[in-house]
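Asks: Sending over final-v3.cif (mmCIF, C-alpha atoms).
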```
data_coords
#
loop_
_atom_site.label_atom_id
_atom_site.label_comp_id
_atom_site.auth_asym_id
_atom_site.auth_seq_id
_atom_site.Cartn_x
_atom_site.Cartn_y
_atom_site.Cartn_z
CA MET L 1 136.14 60.32 117.51
CA ARG L 2 134.37 63.09 115.62
CA THR L 3 134.21 66.78 116.53
CA GLY L 4 130.75 66.42 118.08
CA GLU L 5 131.92 63.58 120.31
CA LEU L 6 134.98 65.55 121.40
CA PHE L 7 132.73 68.49 122.30
CA ASP L 8 130.69 66.17 124.50
CA LEU L 9 133.70 65.97 126.83
CA LEU L 10 133.91 69.75 127.06
CA ARG L 11 130.26 70.10 128.08
CA ASP L 12 131.03 69.40 131.74
CA GLY L 13 132.09 73.03 132.11
CA ARG L 14 135.53 72.33 133.55
CA PRO L 15 138.61 73.44 131.61
CA TRP L 16 140.60 70.97 129.53
CA THR L 17 144.05 71.22 128.00
CA ARG L 18 144.87 69.80 124.58
CA ALA L 19 147.06 67.20 126.30
CA GLN L 20 144.19 66.08 128.57
CA LEU L 21 141.85 65.79 125.61
CA ALA L 22 144.43 63.79 123.67
CA GLU L 23 144.89 61.44 126.62
CA ALA L 24 141.13 61.02 127.14
CA THR L 25 140.35 60.39 123.47
CA GLY L 26 143.46 58.77 122.06
CA LEU L 27 143.53 61.34 119.26
CA ALA L 28 146.72 62.97 118.05
CA ARG L 29 147.51 66.45 119.37
CA SER L 30 147.27 67.85 115.85
CA THR L 31 143.76 66.40 115.46
CA ILE L 32 142.74 67.82 118.84
CA THR L 33 144.04 71.25 117.82
CA ALA L 34 142.11 71.20 114.54
CA ARG L 35 138.88 70.19 116.21
CA ILE L 36 139.23 72.71 119.02
CA ASP L 37 139.76 75.38 116.37
CA THR L 38 136.52 74.29 114.66
CA LEU L 39 134.59 74.42 117.95
CA MET L 40 136.00 77.88 118.69
CA ARG L 41 134.94 79.12 115.25
CA LEU L 42 131.44 77.80 115.98
CA GLY L 43 131.54 79.73 119.25
CA LEU L 44 130.83 76.66 121.35
CA VAL L 45 134.25 76.55 123.02
CA ALA L 46 136.28 79.44 124.40
CA PRO L 47 139.58 79.85 126.20
CA PHE L 48 138.90 79.21 129.88
CA GLY L 49 137.67 82.29 131.68
CA GLY L 50 136.04 83.67 128.56
CA ALA L 51 139.17 85.54 127.46
CA ARG L 52 139.78 85.78 123.75
CA SER L 53 143.18 85.49 122.17
CA THR L 54 144.52 88.83 120.90
CA GLY L 55 147.32 87.27 118.90
CA GLY L 56 150.03 84.74 119.36
CA ARG L 57 149.51 81.44 121.02
CA PRO L 58 146.00 81.09 122.50
CA PRO L 59 145.49 80.12 126.17
CA ALA L 60 146.04 76.46 126.97
CA LEU L 61 142.73 75.81 128.71
CA PHE L 62 139.38 75.41 126.94
CA ALA L 63 135.78 74.97 128.11
CA LEU L 64 132.19 75.26 126.97
CA ASN L 65 131.22 78.82 126.10
CA PRO L 66 127.74 79.17 127.64
CA THR L 67 127.14 82.54 126.01
CA ALA L 68 127.51 81.21 122.46
CA LYS L 69 123.77 80.79 121.91
CA LEU L 70 120.42 81.47 123.53
CA VAL L 71 117.47 79.16 124.12
CA VAL L 72 113.96 79.80 125.38
CA GLY L 73 112.13 77.47 127.75
CA VAL L 74 108.34 77.70 127.99
CA ASP L 75 106.07 76.18 130.64
CA ILE L 76 102.41 76.12 129.63
CA GLY L 77 100.04 75.18 132.43
CA ALA L 78 96.28 74.90 132.68
CA THR L 79 95.83 78.58 133.54
CA HIS L 80 99.29 80.11 133.28
CA ALA L 81 102.35 80.30 131.04
CA THR L 82 105.98 81.19 131.76
CA ALA L 83 108.82 81.76 129.33
CA ALA L 84 112.50 82.16 130.20
CA LEU L 85 115.53 83.07 128.11
CA THR L 86 118.66 81.17 129.15
CA ASP L 87 122.24 80.63 128.11
CA LEU L 88 123.70 77.20 127.36
CA ASN L 89 124.28 76.55 131.07
CA GLY L 90 120.58 77.09 131.76
CA SER L 91 121.18 80.38 133.61
CA ILE L 92 118.07 82.55 133.31
CA LEU L 93 118.73 85.83 131.49
CA GLY L 94 115.13 87.04 131.36
CA GLU L 95 111.67 85.76 132.25
CA THR L 96 108.02 86.63 131.65
CA ASP L 97 104.69 85.07 132.57
CA ALA L 98 100.98 85.53 132.02
CA ARG L 99 97.61 84.29 133.18
CA ILE L 100 96.44 82.47 130.09
CA ALA L 101 94.20 79.41 129.84
CA VAL L 102 95.40 76.47 127.79
CA ALA L 103 91.71 75.87 127.02
CA ASP L 104 91.78 79.07 124.93
CA GLY L 105 93.35 76.95 122.19
CA PRO L 106 96.75 76.60 120.54
CA GLU L 107 96.68 79.77 118.43
CA ALA L 108 95.95 82.03 121.40
CA VAL L 109 98.55 80.43 123.66
CA LEU L 110 101.27 80.03 121.04
CA SER L 111 100.80 83.60 119.83
CA TRP L 112 101.76 84.62 123.36
CA VAL L 113 104.83 82.38 123.09
CA VAL L 114 105.83 83.99 119.77
CA ASP L 115 105.57 87.48 121.28
CA SER L 116 107.39 86.44 124.46
CA VAL L 117 110.34 84.95 122.58
CA ARG L 118 110.73 88.14 120.55
CA ASP L 119 110.51 90.38 123.63
CA LEU L 120 112.93 88.30 125.71
CA VAL L 121 115.59 88.20 123.01
CA ALA L 122 115.17 91.93 122.32
CA ALA L 123 115.55 92.74 126.04
CA SER L 124 118.81 90.75 126.11
CA GLU L 125 120.22 93.02 123.37
CA ARG L 126 121.30 89.95 121.44
CA PRO L 127 120.40 89.36 117.77
CA ILE L 128 117.55 86.95 117.07
CA GLU L 129 120.07 84.87 115.09
CA ASP L 130 121.60 83.85 118.45
CA LEU L 131 118.41 81.93 119.30
CA ALA L 132 119.29 78.25 118.86
CA ALA L 133 116.17 76.36 120.03
CA ILE L 134 112.88 76.57 121.91
CA GLY L 135 111.73 74.01 124.51
CA ILE L 136 108.09 73.74 125.56
CA GLY L 137 106.24 71.78 128.23
CA LEU L 138 102.52 71.10 127.84
CA PRO L 139 100.01 69.87 130.47
CA GLY L 140 99.02 66.73 128.58
CA PRO L 141 100.32 63.71 126.65
CA VAL L 142 102.80 64.61 123.90
CA GLU L 143 104.21 62.56 121.04
CA HIS L 144 107.78 63.69 121.58
CA SER L 145 109.00 62.72 118.10
CA THR L 146 106.57 65.17 116.46
CA GLY L 147 105.85 67.62 119.27
CA ARG L 148 102.10 67.11 118.86
CA PRO L 149 99.74 66.77 121.86
CA ILE L 150 97.75 63.52 121.70
CA ASN L 151 94.21 63.47 123.12
CA PRO L 152 95.05 65.92 125.94
CA PRO L 153 92.14 65.91 128.43
CA ILE L 154 92.27 69.58 129.50
CA MET L 155 93.44 71.08 126.18
CA PRO L 156 90.48 71.46 123.80
CA GLY L 157 91.57 72.15 120.24
CA TRP L 158 95.14 70.97 120.81
CA ASP L 159 94.80 67.32 119.71
CA ARG L 160 97.56 66.62 117.15
CA PHE L 161 98.17 70.34 116.66
CA ASP L 162 101.61 70.88 115.07
CA VAL L 163 103.20 73.02 117.77
CA PRO L 164 106.73 73.07 116.26
CA ALA L 165 105.48 74.09 112.80
CA TYR L 166 103.44 76.97 114.23
CA LEU L 167 106.44 78.45 116.06
CA GLN L 168 108.86 77.77 113.22
CA GLU L 169 106.84 80.06 110.97
CA GLN L 170 108.34 82.88 113.05
CA TYR L 171 111.55 81.30 114.35
CA PRO L 172 113.36 78.82 112.10
CA VAL L 173 114.97 76.88 114.94
CA PRO L 174 114.36 73.43 116.45
CA VAL L 175 111.28 73.34 118.71
CA LEU L 176 111.26 70.53 121.31
CA VAL L 177 107.98 69.67 123.03
CA ASP L 178 107.29 67.34 125.97
CA ASN L 179 104.76 66.93 128.75
CA ASP L 180 105.05 69.06 131.86
CA VAL L 181 106.09 66.30 134.25
CA ASN L 182 108.99 65.17 132.08
CA ILE L 183 110.36 68.68 131.82
CA MET L 184 109.94 69.18 135.57
CA ALA L 185 112.16 66.14 136.11
CA LEU L 186 114.77 67.61 133.75
CA GLY L 187 114.58 70.96 135.49
CA GLU L 188 114.93 69.50 138.98
CA ARG L 189 117.93 67.46 137.91
CA ARG L 190 119.66 70.34 136.12
CA GLY L 191 119.01 72.77 138.94
CA HIS L 192 119.65 70.66 142.05
CA LEU L 193 120.49 67.01 141.33
CA ARG L 194 123.15 67.05 138.62
CA ASP L 195 125.04 64.22 140.28
CA VAL L 196 121.93 61.97 140.39
CA ASP L 197 121.49 59.64 137.40
CA ASP L 198 118.41 57.78 138.67
CA LEU L 199 115.49 59.81 139.92
CA VAL L 200 111.72 60.07 139.71
CA LEU L 201 109.81 63.33 139.97
CA ILE L 202 106.15 62.93 140.88
CA LYS L 203 103.83 65.86 140.26
CA VAL L 204 100.77 65.92 142.49
CA ALA L 205 98.32 68.57 141.34
CA THR L 206 95.07 68.38 139.37
CA GLY L 207 96.47 65.09 138.08
CA ILE L 208 99.35 62.83 139.11
CA GLY L 209 102.24 61.91 136.87
CA ALA L 210 105.92 61.01 137.02
CA GLY L 211 109.02 62.01 135.10
CA ILE L 212 111.58 59.19 135.13
CA VAL L 213 115.32 59.67 134.69
CA SER L 214 117.26 56.40 134.54
CA GLY L 215 120.96 56.18 133.82
CA GLY L 216 120.97 59.94 133.30
CA VAL L 217 118.43 59.69 130.45
CA LEU L 218 114.78 60.76 130.50
CA GLN L 219 112.60 57.71 129.88
CA ARG L 220 109.55 58.40 127.72
CA GLY L 221 108.55 54.87 126.70
CA ALA L 222 107.44 53.65 123.28
CA GLN L 223 104.62 56.20 122.84
CA GLY L 224 105.69 58.85 125.34
CA THR L 225 103.34 57.78 128.13
CA ALA L 226 105.90 56.44 130.61
CA GLY L 227 105.23 57.66 134.14
CA ASP L 228 101.44 57.98 133.93
CA LEU L 229 100.97 57.04 137.58
CA GLY L 230 97.64 58.78 137.91
CA HIS L 231 95.79 55.94 136.25
CA VAL L 232 97.37 53.08 138.15
CA ARG L 233 94.77 51.24 140.22
CA VAL L 234 95.06 51.52 144.00
CA PRO L 235 93.59 49.13 146.60
CA GLY L 236 90.26 49.96 148.21
CA ALA L 237 89.06 52.47 145.63
CA ASP L 238 87.06 50.27 143.27
CA ASP L 239 83.92 52.37 143.67
CA ILE L 240 85.58 55.71 142.80
CA LEU L 241 85.16 56.81 139.19
CA CYS L 242 88.08 58.52 137.46
CA ARG L 243 87.77 61.05 134.64
CA CYS L 244 89.49 58.50 132.36
CA GLY L 245 86.39 56.26 132.65
CA ASN L 246 87.95 53.60 134.85
CA THR L 247 87.52 53.19 138.57
CA GLY L 248 90.05 53.09 141.39
CA CYS L 249 92.72 55.28 139.72
CA LEU L 250 95.29 56.96 141.96
CA GLU L 251 94.34 60.37 140.54
CA ALA L 252 90.71 59.85 141.56
CA VAL L 253 91.68 59.38 145.21
CA ALA L 254 94.84 61.44 145.74
CA ALA L 255 95.00 64.36 143.27
CA GLY L 256 94.01 67.91 144.20
CA PRO L 257 90.28 67.74 143.31
CA ALA L 258 89.85 64.47 145.21
CA LEU L 259 91.54 65.92 148.30
CA ALA L 260 89.34 69.02 148.16
CA ALA L 261 86.22 66.83 147.97
CA ALA L 262 87.42 64.72 150.93
CA VAL L 263 88.05 67.84 153.00
CA ARG L 264 84.63 69.28 152.13
CA ALA L 265 83.05 66.02 153.28
CA GLN L 266 84.54 66.74 156.71
CA GLY L 267 83.05 70.21 156.91
CA GLU L 268 85.94 72.33 155.68
CA SER L 269 85.76 74.74 152.73
CA ALA L 270 88.06 73.75 149.83
CA GLU L 271 87.64 73.87 146.07
CA THR L 272 91.16 73.00 144.89
CA GLY L 273 94.29 71.20 145.97
CA GLY L 274 95.78 74.61 146.72
CA ASP L 275 92.97 75.29 149.19
CA VAL L 276 93.75 71.99 150.93
CA VAL L 277 97.42 72.97 151.22
CA GLU L 278 96.44 76.29 152.79
CA LEU L 279 94.24 74.46 155.31
CA VAL L 280 97.14 72.16 156.20
CA ARG L 281 99.40 75.16 156.75
CA ALA L 282 96.71 76.72 158.93
CA GLY L 283 96.67 73.62 161.13
CA SER L 284 93.41 71.98 160.00
CA GLN L 285 93.33 68.47 161.44
CA PRO L 286 90.87 67.12 158.81
CA ALA L 287 93.05 68.50 155.99
CA MET L 288 96.20 67.01 157.54
CA ALA L 289 94.54 63.59 157.84
CA VAL L 290 93.31 63.71 154.21
CA VAL L 291 96.75 64.67 152.92
CA ARG L 292 98.47 62.00 155.01
CA GLN L 293 96.15 59.33 153.57
CA ALA L 294 96.75 60.65 150.06
CA GLY L 295 100.45 60.23 150.74
CA ARG L 296 99.89 56.60 151.73
CA ASP L 297 97.91 55.97 148.52
CA ILE L 298 100.58 57.61 146.39
CA GLY L 299 103.22 55.67 148.28
CA GLU L 300 101.57 52.36 147.37
CA VAL L 301 102.15 53.11 143.69
CA VAL L 302 105.58 54.67 144.23
CA ALA L 303 106.68 51.55 146.12
CA THR L 304 106.07 49.46 143.01
CA MET L 305 108.04 51.96 140.94
CA VAL L 306 110.91 51.89 143.44
CA ASN L 307 111.06 48.10 143.20
CA LEU L 308 110.97 48.20 139.40
CA ILE L 309 113.46 50.95 138.53
CA ASN L 310 115.39 51.52 141.79
CA PRO L 311 115.81 55.34 141.81
CA SER L 312 118.11 56.97 144.32
CA VAL L 313 115.86 60.03 144.75
CA VAL L 314 112.09 60.47 144.56
CA VAL L 315 111.11 64.14 144.26
CA ILE L 316 107.57 65.26 145.05
CA GLY L 317 106.47 68.38 143.16
CA GLY L 318 103.31 70.11 142.03
CA GLN L 319 100.74 72.14 143.92
CA VAL L 320 99.90 69.54 146.59
CA ALA L 321 103.60 69.13 147.42
CA GLY L 322 103.16 72.40 149.28
CA ALA L 323 101.67 70.33 152.11
CA GLY L 324 105.27 69.31 152.83
CA GLU L 325 105.97 66.72 155.50
CA HIS L 326 102.30 65.83 155.94
CA LEU L 327 102.29 64.43 152.39
CA LEU L 328 105.85 63.06 152.52
CA ALA L 329 105.20 61.17 155.74
CA GLY L 330 102.39 59.18 154.15
CA ILE L 331 104.43 58.45 151.03
CA ARG L 332 107.44 57.32 153.04
CA GLU L 333 105.27 55.15 155.25
CA SER L 334 103.99 53.10 152.30
CA VAL L 335 107.24 53.07 150.32
CA TYR L 336 109.39 51.81 153.16
CA GLN L 337 106.79 49.23 154.11
CA ARG L 338 106.17 47.92 150.58
CA SER L 339 109.57 48.25 148.85
CA LEU L 340 112.53 45.91 149.08
CA PRO L 341 115.03 46.86 151.80
CA LEU L 342 117.93 47.08 149.34
CA ALA L 343 115.93 49.44 147.09
CA THR L 344 115.25 51.82 149.98
CA GLU L 345 118.60 51.55 151.78
CA HIS L 346 119.85 54.86 150.37
CA LEU L 347 116.59 56.17 148.89
CA ARG L 348 115.71 59.82 149.49
CA ILE L 349 112.10 61.03 149.23
CA VAL L 350 112.10 64.84 149.17
CA THR L 351 110.03 67.80 148.02
CA SER L 352 111.08 69.74 144.93
CA ARG L 353 113.72 72.40 145.49
CA ALA L 354 113.16 73.99 142.08
CA GLY L 355 109.46 74.44 142.87
CA GLY L 356 107.65 76.64 140.36
CA GLU L 357 110.83 77.08 138.29
CA ALA L 358 111.27 73.34 137.64
CA ALA L 359 109.18 73.23 134.46
CA VAL L 360 110.64 76.29 132.75
CA LEU L 361 114.20 75.18 133.65
CA GLY L 362 113.39 71.73 132.27
CA ALA L 363 112.02 73.19 129.02
CA SER L 364 115.27 75.14 128.68
CA ALA L 365 117.26 71.96 129.42
CA LEU L 366 115.31 70.12 126.70
CA ALA L 367 116.40 72.75 124.18
CA ILE L 368 119.98 72.86 125.43
CA GLU L 369 120.39 69.09 125.23
CA HIS L 370 119.39 69.24 121.57
CA VAL L 371 121.63 72.20 120.69
CA LEU L 372 124.68 70.65 122.37
CA SER L 373 124.09 67.06 121.26
CA PRO L 374 127.03 65.42 119.44
CA GLU L 375 124.89 64.96 116.31
CA VAL L 376 123.94 68.65 116.04
CA VAL L 377 127.48 69.85 116.79
CA GLU L 378 128.88 67.40 114.22
CA ALA L 379 126.44 68.66 111.59
CA ALA L 380 127.49 72.26 112.31
CA SER L 381 131.18 71.36 112.00
CA GLU L 382 130.55 69.59 108.70
CA ALA L 383 128.63 72.60 107.39
CA LEU L 384 131.54 74.85 108.39
CA ALA L 385 134.01 72.58 106.60
CA ALA L 386 131.83 72.57 103.49
CA ALA L 387 131.63 76.38 103.55
CA ASP L 388 135.42 76.58 103.87
CA ALA L 389 135.87 74.21 100.93
CA ALA L 390 133.44 76.23 98.80
CA ALA L 391 135.19 79.48 99.66
CA GLU L 392 138.58 77.96 98.85
CA ALA L 393 137.31 76.67 95.52
CA ALA L 394 135.85 80.09 94.67
CA ALA L 395 139.11 81.80 95.57
CA SER L 396 141.04 79.34 93.45
CA GLN L 397 138.70 79.94 90.52
CA ARG L 398 139.15 83.71 90.78
CA SER L 399 142.94 83.35 90.72
CA LEU L 400 142.87 81.52 87.37
#
```
In C-alpha cells, write the structure found in this file.
Replies:
Amino acid sequence: MRTGELFDLLRDGRPWTRAQLAEATGLARSTITARIDTLMRLGLVAPFGGARSTGGRPPALFALNPTAKLVVGVDIGATHATAALTDLNGSILGETDARIAVADGPEAVLSWVVDSVRDLVAASERPIEDLAAIGIGLPGPVEHSTGRPINPPIMPGWDRFDVPAYLQEQYPVPVLVDNDVNIMALGERRGHLRDVDDLVLIKVATGIGAGIVSGGVLQRGAQGTAGDLGHVRVPGADDILCRCGNTGCLEAVAAGPALAAAVRAQGESAETGGDVVELVRAGSQPAMAVVRQAGRDIGEVVATMVNLINPSVVVIGGQVAGAGEHLLAGIRESVYQRSLPLATEHLRIVTSRAGGEAAVLGASALAIEHVLSPEVVEAASEALAAADAAAEAAASQRSL
C-alpha cells in the first residue's frame, strides 16, 4: 500500500493511531510511521485536534488536516454566478456572487471568476500558493476529461472553449469542470447525504436533468451525458415540440417554461417556472394542478430510472422544486405505481436540503476529490522524496 492509499483511510476525518493503521493495512509499524511523517510534511495530516508537536514524541492520534489547502467552487448559471472558498472538508470560508449572464460569453464570465478567486483568497489572509484546485459547474453539457462545454444550448460562444486553460493562465492549479446537475448531486451528498452511496438528484428548472451517484461514484457515462432526463420521451406528448427538435420530450411538458405556458392557458399570469412556484405558494388552484401533473410526468421517467439503477434516495432540486409537496406528490404517485415494489421498499423521494448552495458545494467537492485523490497525494509524496534525495546529494557533494 502506497502513501496515497494510506491517506485515503485518513480522509474519513476520524482519528487513527499508528497501531490501527497497521492493523487495517497490514503494513509494518515502521512503514506506517514513515508514511505518516511524509503526510505531515505535506500538511495533509495533523495530530488529532490540530495541535502541533513542540518536541519529543508527537501525539498518538492522526487525522486529515482540513486547513492544509484551499479550493474554490464556482457555480455558473444562466443569469448568475457564485464562487465560494472552502477548506478540504468543504466548509465555506468566504463567498461572493454576481448577476452575470452566461450568454455574455466565456471571457466575460471567466474574468469574473479570476477576480473572485483572487479576492476570496486575499480576504482569507492565506497566500495564493495555498490554493490547490478550482471546481466549476456550467449550465450545459461538458466533456469532463477536457473541461470543455460541448454544444451548450444556452451558452453562445462557449462551444469547446478551453475553460481550464483560461483560468490556468492566472492560477496554475488543476481546474475541474462539470455540468451543473452533476455538481448539485455532489453537493447534496457532501452536505446532507454522506452515508448514501446510491442517489439521484433531479434538477427541475428551465431544463430537466439528473446527477447520478451509484456506489458512491458520480456516473457521467461514456461522453458525459448520463442523466439527460429532459429529452426522454413521455407518453401523450407526441404533438409537443421540444427545443432539441424532437417531440414529446419531458422538458417540453414539465420544465419551468412549459409550466408557465400551461398556467397562462388557464388565465393566470406567469412567465417563468419561478412565477409558477409563487402562484402555488399563493394557493392558485390552476398552478397547483399544473405542477401536480408535471410531477406525474417526471415520475414516469424517474420510475424507469428507479427500476434501472435502484437508488435509495431521489432528491428533487432546482427552481421548480420550490413548489414542494405539490410537485413531490405527483412524482411519488407515478414512481410508486410504475416501479418494482422491491426498488421502492425503502426509497425516499425528497426535496433538496442544500437548495441554492448545492451547486457551489458540489463544485468545491469536485476540486477536493481531485486534491485528496490517492494518485495526487502519491505524486506529491514522490516529489517530496525526490527533493529530499536531491538535497542529500547536494549536501554530500558540498562535503567532499
Asks: Using the chain letters and numbers from the file, which residues does the PyMOL selection byres ((chain L and resi 204) around 7) grab, as a PyMOL selection string?
Replies: chain L and resi 202-203+205-208+255+317-321
Asks: If you measure from CA of Glu357 in chain L to CA of Thr304 in chain L, what distance in Å do you get, rounded to one decimal?
Replies: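 CA of Thr304 in chain L lies 28.4 Å from CA of Glu357 in chain L.
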Asks: To verify the selection step, state as a short mmCIF file (atom, residue, chain, number, x, y, z; two decimals) with C-alpha atoms, in the coordinates of the input which residues the PyMOL selection byres ((chain L and resi 25) around 12) yields on this input.
Replies:
```
data_model
loop_
_atom_site.label_atom_id
_atom_site.label_comp_id
_atom_site.auth_asym_id
_atom_site.auth_seq_id
_atom_site.Cartn_x
_atom_site.Cartn_y
_atom_site.Cartn_z
CA MET L 1 136.14 60.32 117.51
CA ARG L 2 134.37 63.09 115.62
CA THR L 3 134.21 66.78 116.53
CA GLU L 5 131.92 63.58 120.31
CA LEU L 6 134.98 65.55 121.40
CA PHE L 7 132.73 68.49 122.30
CA ASP L 8 130.69 66.17 124.50
CA LEU L 9 133.70 65.97 126.83
CA LEU L 10 133.91 69.75 127.06
CA ARG L 18 144.87 69.80 124.58
CA ALA L 19 147.06 67.20 126.30
CA GLN L 20 144.19 66.08 128.57
CA LEU L 21 141.85 65.79 125.61
CA ALA L 22 144.43 63.79 123.67
CA GLU L 23 144.89 61.44 126.62
CA ALA L 24 141.13 61.02 127.14
CA GLY L 26 143.46 58.77 122.06
CA LEU L 27 143.53 61.34 119.26
CA ALA L 28 146.72 62.97 118.05
CA ARG L 29 147.51 66.45 119.37
CA THR L 31 143.76 66.40 115.46
CA ILE L 32 142.74 67.82 118.84
#
```
Asks: Using the chain letters and numbers from the file, give me the residues hit by the PyMOL selection byres ((chain L and resi 243) around 12), as an mmCIF file with C-alpha atoms, in the coordinates of the input.
Replies:
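Result file follows (result_4.cif):
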```
data_model
loop_
_atom_site.group_PDB
_atom_site.id
_atom_site.type_symbol
_atom_site.label_atom_id
_atom_site.label_comp_id
_atom_site.auth_asym_id
_atom_site.auth_seq_id
_atom_site.Cartn_x
_atom_site.Cartn_y
_atom_site.Cartn_z
ATOM 1 C CA PRO L 153 92.140 65.910 128.430
ATOM 2 C CA ILE L 154 92.270 69.580 129.500
ATOM 3 C CA THR L 206 95.070 68.380 139.370
ATOM 4 C CA GLY L 207 96.470 65.090 138.080
ATOM 5 C CA GLY L 230 97.640 58.780 137.910
ATOM 6 C CA HIS L 231 95.790 55.940 136.250
ATOM 7 C CA ILE L 240 85.580 55.710 142.800
ATOM 8 C CA LEU L 241 85.160 56.810 139.190
ATOM 9 C CA CYS L 242 88.080 58.520 137.460
ATOM 10 C CA CYS L 244 89.490 58.500 132.360
ATOM 11 C CA GLY L 245 86.390 56.260 132.650
ATOM 12 C CA ASN L 246 87.950 53.600 134.850
ATOM 13 C CA THR L 247 87.520 53.190 138.570
ATOM 14 C CA GLY L 248 90.050 53.090 141.390
ATOM 15 C CA CYS L 249 92.720 55.280 139.720
ATOM 16 C CA LEU L 250 95.290 56.960 141.960
ATOM 17 C CA GLU L 251 94.340 60.370 140.540
ATOM 18 C CA ALA L 252 90.710 59.850 141.560
ATOM 19 C CA VAL L 253 91.680 59.380 145.210
ATOM 20 C CA ALA L 255 95.000 64.360 143.270
ATOM 21 C CA PRO L 257 90.280 67.740 143.310
ATOM 22 C CA ALA L 258 89.850 64.470 145.210
#
```
Asks: Could you give me, as a ChimeraX atom specification, the residues within 10 Å of Ala329 in chain L, counting all atoms listed in the file and dropping anything in the same chain fewer than 2 positions from it?
Replies: /L:291-293,295-296,299,324-327,331-335,349
Asks: Which residue, L:Ala367, L:Ala287, L:Val173, L:Ala185, has the smallest gap to Ile136 in chain L when you use only C-alpha atoms?
Replies: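 Among the listed residues, L:Ala367 lies closest to Ile136 in chain L.
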Asks: Residues within 9 Å of Val377 in chain L, please, as a list of chain:residue names. Count only C-alpha atoms; anything in the same chain fewer than 2 positions from it doesn't count.
Replies: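 Once the adjacent positions are removed, what remains is L:Thr3, L:Gly4, L:Glu5, L:Phe7, L:Leu39, L:Leu42, L:Leu44, L:Val371, L:Leu372, L:Ser373, L:Pro374, L:Glu375, L:Ala379, L:Ala380, L:Ser381, L:Glu382.
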Asks: Between CA of Glu278 in chain L and CA of Val302 in chain L, what is the distance in Å, rounded to a tenth?
Replies: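 Separating CA of Glu278 in chain L from CA of Val302 in chain L is a distance of 25.0 Å.
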Asks: Box along x, y and z, 5 Å on every side, all listed atoms of range 63-74 of chain L inside: centre and edge lengths in Å to one decimal, as AutoDock Vina command-line options.
Replies:
```
--center_x 122.1 --center_y 78.8 --center_z 125.0 --size_x 37.4 --size_y 17.6 --size_z 16.2
```
Asks: Up to 6 Å from (114.0, 48.4, 145.5) in the file's coordinates: name the residues, counting only C-alpha atoms, as a ChimeraX atom specification.
Replies: /L:306-307,310,339-340,342-344
Asks: How many Å lie between CA of Val217 in chain L and CA of Val376 in chain L, rounded to one decimal?
Replies: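 According to the coordinates, CA of Val217 in chain L and CA of Val376 in chain L are separated by 17.8 Å.
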Asks: Hey, what's within 9 Å of Pro235 in chain L if we count all atoms listed in the file and toss same-chain stuff fewer than 3 positions away? As a ChimeraX atom specification, please?
Replies: /L:238,248,297,300
Asks: I need the chosen residues saved as a CSV table (one decimal), in the frame of the given file, with C-alpha atoms.
Replies:
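Output file part21.csv is given in full below:
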```
chain,number,residue,atom,x,y,z
L,238,ASP,CA,87.1,50.3,143.3
L,248,GLY,CA,90.0,53.1,141.4
L,297,ASP,CA,97.9,56.0,148.5
L,300,GLU,CA,101.6,52.4,147.4
```
Asks: Ranking L:Gly221, L:Pro106, L:Gly256, L:Gly330 by minimum distance to Tyr166 in chain L and counting all atoms listed in the file, which one comes first?
Replies: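 Comparing L:Gly221, L:Pro106, L:Gly256, L:Gly330 against Tyr166 in chain L, the winner is L:Pro106.
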Asks: Please complete range 126-135 of chain L with N, CA, C and O atoms and give it back as an mmCIF file, keeping the file's coordinate frame.
Replies:
```cif
data_model
loop_
_atom_site.group_PDB
_atom_site.id
_atom_site.type_symbol
_atom_site.label_atom_id
_atom_site.label_comp_id
_atom_site.auth_asym_id
_atom_site.auth_seq_id
_atom_site.Cartn_x
_atom_site.Cartn_y
_atom_site.Cartn_z
ATOM 1 N N ARG L 126 120.616 90.904 122.316
ATOM 2 C CA ARG L 126 121.300 89.950 121.440
ATOM 3 C C ARG L 126 120.494 89.832 120.153
ATOM 4 O O ARG L 126 119.256 89.970 120.155
ATOM 5 N N PRO L 127 121.140 89.531 119.022
ATOM 6 C CA PRO L 127 120.400 89.360 117.770
ATOM 7 C C PRO L 127 119.551 88.095 117.797
ATOM 8 O O PRO L 127 119.907 87.110 118.454
ATOM 9 N N ILE L 128 118.437 88.115 117.094
ATOM 10 C CA ILE L 128 117.550 86.950 117.070
ATOM 11 C C ILE L 128 118.259 85.748 116.474
ATOM 12 O O ILE L 128 117.898 84.600 116.762
ATOM 13 N N GLU L 129 119.302 85.982 115.685
ATOM 14 C CA GLU L 129 120.070 84.870 115.090
ATOM 15 C C GLU L 129 120.797 84.054 116.152
ATOM 16 O O GLU L 129 121.221 82.928 115.887
ATOM 17 N N ASP L 130 120.954 84.603 117.365
ATOM 18 C CA ASP L 130 121.600 83.850 118.450
ATOM 19 C C ASP L 130 120.656 82.837 119.090
ATOM 20 O O ASP L 130 121.089 82.013 119.892
ATOM 21 N N LEU L 131 119.356 82.916 118.777
ATOM 22 C CA LEU L 131 118.410 81.930 119.300
ATOM 23 C C LEU L 131 118.637 80.591 118.625
ATOM 24 O O LEU L 131 118.586 80.487 117.398
ATOM 25 N N ALA L 132 118.926 79.558 119.421
ATOM 26 C CA ALA L 132 119.290 78.250 118.860
ATOM 27 C C ALA L 132 118.167 77.234 118.932
ATOM 28 O O ALA L 132 118.134 76.298 118.122
ATOM 29 N N ALA L 133 117.247 77.357 119.889
ATOM 30 C CA ALA L 133 116.170 76.360 120.030
ATOM 31 C C ALA L 133 115.142 76.869 121.029
ATOM 32 O O ALA L 133 115.420 77.772 121.837
ATOM 33 N N ILE L 134 113.953 76.271 120.968
ATOM 34 C CA ILE L 134 112.880 76.570 121.910
ATOM 35 C C ILE L 134 112.386 75.248 122.502
ATOM 36 O O ILE L 134 112.141 74.283 121.766
ATOM 37 N N GLY L 135 112.271 75.185 123.824
ATOM 38 C CA GLY L 135 111.730 74.010 124.510
ATOM 39 C C GLY L 135 110.394 74.367 125.141
ATOM 40 O O GLY L 135 110.245 75.456 125.699
#
```
